[in-house]
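*Asks:* Structure file work_5.cif (mmCIF, C-alpha atoms) right here:
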data_run
#
loop_
_atom_site.group_PDB
_atom_site.id
_atom_site.type_symbol
_atom_site.label_atom_id
_atom_site.label_comp_id
_atom_site.auth_asym_id
_atom_site.auth_seq_id
_atom_site.Cartn_x
_atom_site.Cartn_y
_atom_site.Cartn_z
ATOM 1 C CA MET B 853 -31.654 10.792 19.793
ATOM 2 C CA GLN B 854 -29.149 13.188 21.332
ATOM 3 C CA PRO B 855 -27.822 16.051 19.221
ATOM 4 C CA SER B 856 -24.213 15.777 18.098
ATOM 5 C CA LYS B 857 -22.057 18.671 19.378
ATOM 6 C CA GLY B 858 -25.130 20.846 19.731
ATOM 7 C CA ARG B 859 -26.364 20.237 16.170
ATOM 8 C CA PRO B 860 -29.353 18.037 15.418
ATOM 9 C CA ARG B 861 -28.658 15.010 13.262
ATOM 10 C CA GLY B 862 -30.110 14.499 9.822
ATOM 11 C CA SER B 863 -31.860 17.826 9.408
ATOM 12 C CA GLY B 864 -31.547 17.333 5.636
ATOM 13 C CA ALA B 865 -33.373 20.538 4.745
ATOM 14 C CA GLY B 866 -30.960 21.356 1.954
ATOM 15 C CA GLU B 867 -28.366 22.602 4.408
ATOM 16 C CA GLU B 868 -24.735 22.189 3.482
ATOM 17 C CA SER B 869 -23.064 19.306 5.312
ATOM 18 C CA TRP B 870 -19.697 19.975 6.947
ATOM 19 C CA VAL B 871 -16.946 17.616 8.000
ATOM 20 C CA GLU B 872 -14.828 18.612 10.972
ATOM 21 C CA PRO B 873 -11.223 17.409 10.669
ATOM 22 C CA LEU B 874 -9.527 16.128 13.789
ATOM 23 C CA ASP B 875 -6.267 18.077 13.299
ATOM 24 C CA ALA B 876 -7.584 21.532 14.338
ATOM 25 C CA GLN B 877 -8.131 22.774 10.781
ATOM 26 C CA GLU B 878 -11.184 24.638 9.584
ATOM 27 C CA PRO B 879 -14.238 22.504 8.702
ATOM 28 C CA VAL B 880 -14.667 21.779 5.007
ATOM 29 C CA PRO B 881 -17.798 20.971 2.974
ATOM 30 C CA ALA B 882 -18.484 17.228 2.868
ATOM 31 C CA GLU B 883 -18.112 17.033 -0.909
ATOM 32 C CA GLU B 884 -14.533 18.356 -0.613
ATOM 33 C CA ALA B 885 -13.606 16.117 2.321
ATOM 34 C CA GLY B 886 -12.528 13.169 0.161
ATOM 35 C CA HIS B 887 -10.189 15.094 -2.134
ATOM 36 C CA LEU B 888 -6.425 14.743 -1.687
ATOM 37 C CA ARG B 889 -4.687 17.860 -0.467
ATOM 38 C CA TYR B 890 -0.969 18.475 -0.342
ATOM 39 C CA ASP B 891 -1.197 19.061 3.402
ATOM 40 C CA ASP B 892 -2.755 15.614 3.766
ATOM 41 C CA PRO B 893 -0.635 13.567 6.232
ATOM 42 C CA TRP B 894 -0.892 10.486 3.979
ATOM 43 C CA TYR B 895 0.505 12.355 0.974
ATOM 44 C CA ASP B 896 4.151 11.598 0.455
ATOM 45 C CA ALA B 897 6.243 13.425 -2.094
ATOM 46 C CA LEU B 898 8.419 10.350 -2.636
ATOM 47 C CA ALA B 899 5.426 8.355 -3.817
ATOM 48 C CA SER B 900 4.947 10.638 -6.802
ATOM 49 C CA GLY B 901 8.455 9.913 -8.081
ATOM 50 C CA TRP B 902 8.682 6.363 -6.744
ATOM 51 C CA GLY B 903 11.383 7.630 -4.369
ATOM 52 C CA GLU B 904 14.168 7.013 -6.825
ATOM 53 C CA SER B 905 16.637 9.474 -8.175
ATOM 54 C CA VAL B 906 17.420 9.496 -11.858
ATOM 55 C CA GLY B 907 20.909 8.304 -12.607
ATOM 56 C CA ALA B 908 22.975 5.170 -12.524
ATOM 57 C CA GLY B 909 20.913 2.045 -12.093
ATOM 58 C CA ALA B 910 17.643 3.836 -12.851
ATOM 59 C CA ALA B 911 15.157 1.832 -14.844
ATOM 60 C CA ALA B 912 14.052 2.873 -18.286
ATOM 61 C CA PRO B 913 10.922 5.013 -18.375
ATOM 62 C CA ALA B 914 7.722 3.018 -18.220
ATOM 63 C CA VAL B 915 5.939 2.653 -21.507
ATOM 64 C CA VAL B 916 2.273 1.710 -21.467
ATOM 65 C CA PRO B 917 0.330 1.463 -24.718
ATOM 66 C CA PRO B 918 -1.765 4.537 -25.572
ATOM 67 C CA ALA B 919 -5.490 4.553 -24.834
ATOM 68 C CA ARG B 920 -8.005 4.002 -27.624
ATOM 69 C CA ARG B 921 -9.982 6.914 -28.975
ATOM 70 C CA GLU B 922 -13.771 7.088 -28.916
ATOM 71 C CA GLY B 923 -15.276 4.723 -31.483
ATOM 72 C CA GLU B 924 -12.026 2.866 -32.198
ATOM 73 C CA THR B 925 -12.071 -0.877 -32.020
ATOM 74 C CA GLY B 926 -9.220 -2.478 -30.222
ATOM 75 C CA PRO B 927 -8.002 -5.658 -28.680
ATOM 76 C CA ALA B 928 -10.096 -7.789 -26.355
ATOM 77 C CA PRO B 929 -9.726 -7.160 -22.610
ATOM 78 C CA ALA B 930 -7.618 -10.301 -22.172
ATOM 79 C CA GLU B 931 -5.166 -8.996 -24.765
ATOM 80 C CA VAL B 932 -5.039 -5.614 -23.028
ATOM 81 C CA TYR B 933 -4.203 -7.219 -19.675
ATOM 82 C CA LEU B 934 -1.510 -9.385 -21.259
ATOM 83 C CA GLU B 935 -0.055 -6.313 -22.975
ATOM 84 C CA VAL B 936 0.014 -4.378 -19.695
ATOM 85 C CA GLN B 937 1.536 -7.381 -17.923
ATOM 86 C CA ARG B 938 4.375 -7.394 -20.459
ATOM 87 C CA SER B 939 4.946 -3.639 -20.101
ATOM 88 C CA ALA B 940 8.078 -2.263 -18.457
ATOM 89 C CA ALA B 941 6.005 -0.408 -15.844
ATOM 90 C CA PHE B 942 4.289 -3.594 -14.655
ATOM 91 C CA GLN B 943 7.567 -5.493 -14.559
ATOM 92 C CA GLU B 944 9.093 -2.687 -12.484
ATOM 93 C CA VAL B 945 6.258 -2.872 -9.932
ATOM 94 C CA ARG B 946 6.655 -6.655 -9.686
ATOM 95 C CA ARG B 947 10.448 -6.342 -9.360
ATOM 96 C CA ARG B 948 10.095 -3.840 -6.500
ATOM 97 C CA TYR B 949 7.590 -6.144 -4.795
ATOM 98 C CA ARG B 950 9.885 -9.172 -5.043
ATOM 99 C CA ARG B 951 12.949 -7.208 -3.897
ATOM 100 C CA PHE B 952 11.197 -6.520 -0.592
ATOM 101 C CA VAL B 953 9.085 -9.620 -0.020
ATOM 102 C CA VAL B 954 11.595 -12.382 -0.765
ATOM 103 C CA PRO B 955 14.339 -11.209 1.650
ATOM 104 C CA ALA B 956 11.754 -10.266 4.299
ATOM 105 C CA PHE B 957 10.116 -13.686 4.040
ATOM 106 C CA VAL B 958 13.448 -15.532 4.235
ATOM 107 C CA ALA B 959 14.598 -13.529 7.261
ATOM 108 C CA PHE B 960 11.309 -13.842 9.146
ATOM 109 C CA PHE B 961 10.893 -17.537 8.339
ATOM 110 C CA ALA B 962 14.458 -18.277 9.485
ATOM 111 C CA TRP B 963 13.798 -16.360 12.720
ATOM 112 C CA TYR B 964 10.573 -18.303 13.303
ATOM 113 C CA VAL B 965 12.080 -21.724 12.525
ATOM 114 C CA GLY B 966 15.085 -20.871 14.696
ATOM 115 C CA TYR B 967 12.764 -20.093 17.592
ATOM 116 C CA VAL B 968 10.806 -23.334 17.181
ATOM 117 C CA VAL B 969 13.948 -25.456 16.780
ATOM 118 C CA ALA B 970 15.583 -23.835 19.818
ATOM 119 C CA ALA B 971 12.443 -24.368 21.877
ATOM 120 C CA THR B 972 12.330 -28.075 21.038
ATOM 121 C CA THR B 973 16.032 -28.982 20.975
ATOM 122 C CA ALA B 974 17.493 -26.712 23.666
ATOM 123 C CA PRO B 975 14.983 -26.445 26.505
ATOM 124 C CA GLU B 976 17.739 -25.639 29.005
ATOM 125 C CA LEU B 977 18.780 -22.603 26.924
ATOM 126 C CA MET B 978 15.179 -21.405 26.600
ATOM 127 C CA ALA B 979 14.636 -21.837 30.372
ATOM 128 C CA ARG B 980 17.468 -19.468 31.344
ATOM 129 C CA PRO B 981 16.167 -16.438 33.202
ATOM 130 C CA VAL B 982 16.680 -13.039 31.571
ATOM 131 C CA ALA B 983 15.077 -10.725 34.114
ATOM 132 C CA GLY B 984 13.039 -11.949 37.060
ATOM 133 C CA ALA B 985 10.448 -14.463 35.884
ATOM 134 C CA VAL B 986 11.117 -13.714 32.205
ATOM 135 C CA ASN B 987 13.196 -16.372 30.492
ATOM 136 C CA VAL B 988 14.769 -16.606 27.030
ATOM 137 C CA ALA B 989 11.730 -18.427 25.604
ATOM 138 C CA MET B 990 9.342 -15.674 26.740
ATOM 139 C CA ALA B 991 11.627 -12.928 25.417
ATOM 140 C CA ALA B 992 12.000 -14.702 22.054
ATOM 141 C CA GLY B 993 8.232 -15.323 21.880
ATOM 142 C CA LEU B 994 7.528 -11.641 22.495
ATOM 143 C CA GLY B 995 10.213 -10.890 19.917
ATOM 144 C CA GLN B 996 8.179 -12.890 17.403
ATOM 145 C CA PHE B 997 5.217 -10.579 17.974
ATOM 146 C CA LEU B 998 7.399 -7.490 17.787
ATOM 147 C CA THR B 999 9.024 -8.550 14.516
ATOM 148 C CA THR B 1000 5.603 -9.377 13.052
ATOM 149 C CA PHE B 1001 4.399 -5.838 13.738
ATOM 150 C CA LEU B 1002 7.656 -4.305 12.493
ATOM 151 C CA LEU B 1003 7.546 -6.349 9.295
ATOM 152 C CA THR B 1004 3.930 -5.326 8.698
ATOM 153 C CA TRP B 1005 4.839 -1.659 9.183
ATOM 154 C CA ALA B 1006 7.884 -1.980 6.885
ATOM 155 C CA TYR B 1007 5.817 -3.692 4.177
ATOM 156 C CA ALA B 1008 3.096 -1.044 4.281
ATOM 157 C CA ARG B 1009 5.689 1.746 4.161
ATOM 158 C CA HIS B 1010 7.551 0.111 1.268
ATOM 159 C CA ALA B 1011 4.317 -0.372 -0.673
ATOM 160 C CA ARG B 1012 3.265 3.242 -0.086
ATOM 161 C CA LEU B 1013 6.630 4.728 -1.062
ATOM 162 C CA ARG B 1014 7.760 2.382 -3.831
ATOM 163 C CA ARG B 1015 4.792 0.680 -5.491
ATOM 164 C CA ASP B 1016 1.378 2.192 -4.827
ATOM 165 C CA ARG B 1017 1.697 5.201 -7.135
ATOM 166 C CA ALA B 1018 3.030 3.110 -10.018
ATOM 167 C CA ALA B 1019 0.382 0.418 -9.504
ATOM 168 C CA LEU B 1020 -2.367 3.037 -9.437
ATOM 169 C CA GLU B 1021 -1.080 4.566 -12.679
ATOM 170 C CA LEU B 1022 -1.054 1.105 -14.274
ATOM 171 C CA ARG B 1023 -4.598 0.529 -13.065
ATOM 172 C CA TRP B 1024 -5.821 3.783 -14.618
ATOM 173 C CA ASP B 1025 -3.978 3.058 -17.860
ATOM 174 C CA THR B 1026 -5.499 -0.425 -18.006
ATOM 175 C CA GLN B 1027 -8.981 0.938 -17.389
ATOM 176 C CA GLU B 1028 -8.488 3.470 -20.183
ATOM 177 C CA LEU B 1029 -7.361 0.712 -22.539
ATOM 178 C CA THR B 1030 -10.292 -1.571 -21.713
ATOM 179 C CA ARG B 1031 -12.973 1.150 -21.592
ATOM 180 C CA GLY B 1032 -14.170 0.508 -25.145
ATOM 181 C CA THR B 1033 -13.948 -3.279 -25.015
ATOM 182 C CA ASN B 1034 -16.761 -3.709 -22.503
ATOM 183 C CA GLY B 1035 -19.271 -1.583 -24.344
ATOM 184 C CA GLY B 1036 -18.334 1.550 -22.407
ATOM 185 C CA VAL B 1037 -18.558 -0.159 -19.009
ATOM 186 C CA SER B 1038 -15.310 -0.577 -17.060
#
Go ahead and render the structure in this file as structure tokens.
*Replies:*
Amino acid sequence: MQPSKGRPRGSGAGEESWVEPLDAQEPVPAEEAGHLRYDDPWYDALASGWGESVGAGAAAPAVVPPARREGETGPAPAEVYLEVQRSAAFQEVRRRYRRFVVPAFVAFFAWYVGYVVAATTAPELMARPVAGAVNVAMAAGLGQFLTTFLLTWAYARHARLRRDRAALELRWDTQELTRGTNGGVS
């Protein structure tokens, strides 16, 4: 095998492993490579506060039941999940999800159905040239691809800024609540 960047692979003689970042920063030990840093490009300050300012229209603070202490007996896991599902924090995450997905679905579906209906009922309109050999049907078809990619990007951005942090906190809270119900195994 060829050496990688002048270093032999898999020496494994107790040497410290280093990970070289691609953004011209100093190499870091491999065990530190997975930790979140504030200079991480995926870190977003809005995600920590859900991107909302406190004030008019702000939801009430999320209340999740407290975790059980060591040795305490508590509700069964099914009861814990139902309790979390009824919590204000979970309802807020679901509300934010629906507020993005329902309008996005309606708009995209209407755009798609409009394209299909126009292609089948108005072939003369779809055959009109736009530029050179490109006609309205080809431009609208490429527009379908473009809007698919834009909608995917918008969904991922919305999830990262508005829901991921809250959902992760709910997940950790739920794991804390169910830790004792499975005999110490999550």
*Asks:* Evaluate the PyMOL selection byres ((chain B and resi 1011) around 12) against this structure - the residues, as a list in words, please.
*Replies:*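 Taken over the shown coordinates, the PyMOL selection byres ((chain B and resi 1011) around 12) returns Leu898, Ala899, Trp902, Gly903, Val945, Arg946, Arg948, Tyr949, Arg950, Arg951, Phe952, Val953, Thr1004, Trp1005, Ala1006, Tyr1007, Ala1008, Arg1009, His1010, Arg1012, Leu1013, Arg1014, Arg1015, Asp1016, Arg1017, Ala1018, Ala1019 and Leu1020 of chain B.
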*Asks:* Pick the closest to B:Phe997 from B:Met978, B:Phe960, B:Leu1029, B:Ala985: which is it, counting all atoms listed in the file?
*Replies:*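 Checking each of B:Met978, B:Phe960, B:Leu1029, B:Ala985 against B:Phe997, counting all atoms listed in the file, the winner is B:Phe960.
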*Asks:* Specify as a PDB file with C-alpha atoms, in the frame of the given file each residue included when the PyMOL selection byres ((chain B and resi 971-977) around 10) is applied to this file.
*Replies:*
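Resulting contents of part_4.pdb:
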ATOM      1  CA  VAL B 965      12.080 -21.724  12.525  1.00  0.00           C
ATOM      2  CA  GLY B 966      15.085 -20.871  14.696  1.00  0.00           C
ATOM      3  CA  TYR B 967      12.764 -20.093  17.592  1.00  0.00           C
ATOM      4  CA  VAL B 968      10.806 -23.334  17.181  1.00  0.00           C
ATOM      5  CA  VAL B 969      13.948 -25.456  16.780  1.00  0.00           C
ATOM      6  CA  ALA B 970      15.583 -23.835  19.818  1.00  0.00           C
ATOM      7  CA  MET B 978      15.179 -21.405  26.600  1.00  0.00           C
ATOM      8  CA  ALA B 979      14.636 -21.837  30.372  1.00  0.00           C
ATOM      9  CA  ARG B 980      17.468 -19.468  31.344  1.00  0.00           C
ATOM     10  CA  PRO B 981      16.167 -16.438  33.202  1.00  0.00           C
ATOM     11  CA  ASN B 987      13.196 -16.372  30.492  1.00  0.00           C
ATOM     12  CA  VAL B 988      14.769 -16.606  27.030  1.00  0.00           C
ATOM     13  CA  ALA B 989      11.730 -18.427  25.604  1.00  0.00           C
ATOM     14  CA  ALA B 992      12.000 -14.702  22.054  1.00  0.00           C
ATOM     15  CA  GLY B 993       8.232 -15.323  21.880  1.00  0.00           C
TER      16      GLY B 993
END
*Asks:* Can you tell me how far atom CA of B:Ala941 sits from atom CA of B:Pro929, in Å to one decimal?
*Replies:*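 Atom CA of B:Ala941 sits 18.4 Å away from atom CA of B:Pro929.
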*Asks:* Suppose you want the space between atom CA of B:Pro955 and atom CA of B:Thr999; what is it in Å?
*Replies:*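 Distance reported for this atom pair: 14.2 Å.
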*Asks:* In Å, rounded to a single decimal, give me how far atom CA of B:Gln943 is from atom CA of B:Thr1026.
*Replies:*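 The value is 14.4 Å.
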*Asks:* Between B:Ala983, B:Ala956, B:Glu944, B:Ser939, which residue has the minimum interatomic distance to B:Leu1002, considering only C-alpha atoms?
*Replies:*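 The answer is B:Ala956, which sits nearest to B:Leu1002.
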*Asks:* Please fill the gaps in stretch 1009-1020 of chain B so it has all heavy atoms, and write that as a compact mmCIF listing (two decimals), in the frame of the given file.
*Replies:*
# COMPACT_ATOMS: atom_id res chain seq x y z
N ARG B 1009 4.91 0.57 4.52
CA ARG B 1009 5.69 1.75 4.16
C ARG B 1009 6.34 1.56 2.78
O ARG B 1009 6.32 2.45 1.94
CB ARG B 1009 6.75 2.01 5.21
CG ARG B 1009 7.57 3.25 4.95
CD ARG B 1009 8.56 3.49 6.08
NE ARG B 1009 9.24 4.74 5.88
CZ ARG B 1009 10.33 4.89 5.14
NH1 ARG B 1009 10.84 3.85 4.50
NH2 ARG B 1009 10.90 6.06 5.01
N HIS B 1010 6.92 0.38 2.56
CA HIS B 1010 7.55 0.11 1.27
C HIS B 1010 6.53 0.18 0.14
O HIS B 1010 6.80 0.76 -0.92
CB HIS B 1010 8.21 -1.27 1.31
CG HIS B 1010 8.90 -1.63 0.04
ND1 HIS B 1010 8.28 -2.30 -0.97
CD2 HIS B 1010 10.15 -1.38 -0.39
CE1 HIS B 1010 9.12 -2.46 -1.98
NE2 HIS B 1010 10.27 -1.92 -1.64
N ALA B 1011 5.36 -0.40 0.36
CA ALA B 1011 4.32 -0.37 -0.67
C ALA B 1011 3.89 1.06 -0.96
O ALA B 1011 3.75 1.45 -2.12
CB ALA B 1011 3.11 -1.20 -0.24
N ARG B 1012 3.71 1.85 0.10
CA ARG B 1012 3.26 3.24 -0.09
C ARG B 1012 4.31 4.08 -0.81
O ARG B 1012 3.99 4.86 -1.70
CB ARG B 1012 2.95 3.86 1.27
CG ARG B 1012 2.50 5.30 1.21
CD ARG B 1012 2.07 5.84 2.56
NE ARG B 1012 2.97 5.50 3.66
CZ ARG B 1012 4.00 6.27 4.03
NH1 ARG B 1012 4.27 7.37 3.42
NH2 ARG B 1012 4.76 5.90 5.05
N LEU B 1013 5.58 3.89 -0.48
CA LEU B 1013 6.63 4.73 -1.06
C LEU B 1013 7.14 4.23 -2.41
O LEU B 1013 7.57 5.03 -3.23
CB LEU B 1013 7.82 4.83 -0.10
CG LEU B 1013 7.56 5.56 1.20
CD1 LEU B 1013 8.80 5.51 2.08
CD2 LEU B 1013 7.13 6.97 0.94
N ARG B 1014 7.10 2.93 -2.65
CA ARG B 1014 7.76 2.38 -3.83
C ARG B 1014 6.85 1.79 -4.89
O ARG B 1014 7.26 1.65 -6.02
CB ARG B 1014 8.74 1.29 -3.40
CG ARG B 1014 9.73 1.71 -2.37
CD ARG B 1014 10.90 2.39 -3.00
NE ARG B 1014 11.91 2.62 -1.98
CZ ARG B 1014 12.50 3.78 -1.83
NH1 ARG B 1014 12.20 4.79 -2.60
NH2 ARG B 1014 13.40 3.94 -0.89
N ARG B 1015 5.60 1.40 -4.51
CA ARG B 1015 4.79 0.68 -5.49
C ARG B 1015 3.40 1.25 -5.71
O ARG B 1015 2.85 1.11 -6.80
CB ARG B 1015 4.65 -0.79 -5.07
CG ARG B 1015 5.92 -1.54 -5.07
CD ARG B 1015 5.72 -3.02 -4.85
NE ARG B 1015 4.67 -3.38 -3.93
CZ ARG B 1015 4.84 -3.62 -2.65
NH1 ARG B 1015 6.00 -3.53 -2.10
NH2 ARG B 1015 3.81 -3.98 -1.90
N ASP B 1016 2.79 1.81 -4.71
CA ASP B 1016 1.38 2.19 -4.83
C ASP B 1016 1.11 3.18 -5.95
O ASP B 1016 0.15 3.02 -6.70
CB ASP B 1016 0.86 2.76 -3.51
CG ASP B 1016 0.64 1.69 -2.47
OD1 ASP B 1016 0.76 0.50 -2.81
OD2 ASP B 1016 0.37 2.04 -1.31
N ARG B 1017 1.92 4.20 -6.09
CA ARG B 1017 1.70 5.20 -7.14
C ARG B 1017 1.80 4.56 -8.52
O ARG B 1017 0.96 4.77 -9.37
CB ARG B 1017 2.70 6.34 -6.98
CG ARG B 1017 2.61 7.42 -8.03
CD ARG B 1017 1.38 8.23 -7.92
NE ARG B 1017 1.28 8.76 -6.58
CZ ARG B 1017 0.63 9.83 -6.23
NH1 ARG B 1017 0.00 10.52 -7.13
NH2 ARG B 1017 0.56 10.23 -4.99
N ALA B 1018 2.84 3.76 -8.71
CA ALA B 1018 3.03 3.11 -10.02
C ALA B 1018 1.90 2.13 -10.32
O ALA B 1018 1.41 2.06 -11.44
CB ALA B 1018 4.37 2.39 -10.05
N ALA B 1019 1.48 1.37 -9.30
CA ALA B 1019 0.38 0.42 -9.50
C ALA B 1019 -0.92 1.14 -9.82
O ALA B 1019 -1.71 0.69 -10.65
CB ALA B 1019 0.23 -0.46 -8.27
N LEU B 1020 -1.15 2.27 -9.17
CA LEU B 1020 -2.37 3.04 -9.44
C LEU B 1020 -2.34 3.59 -10.86
O LEU B 1020 -3.36 3.56 -11.56
CB LEU B 1020 -2.51 4.17 -8.42
CG LEU B 1020 -3.78 5.00 -8.53
CD1 LEU B 1020 -5.01 4.13 -8.31
CD2 LEU B 1020 -3.75 6.13 -7.52
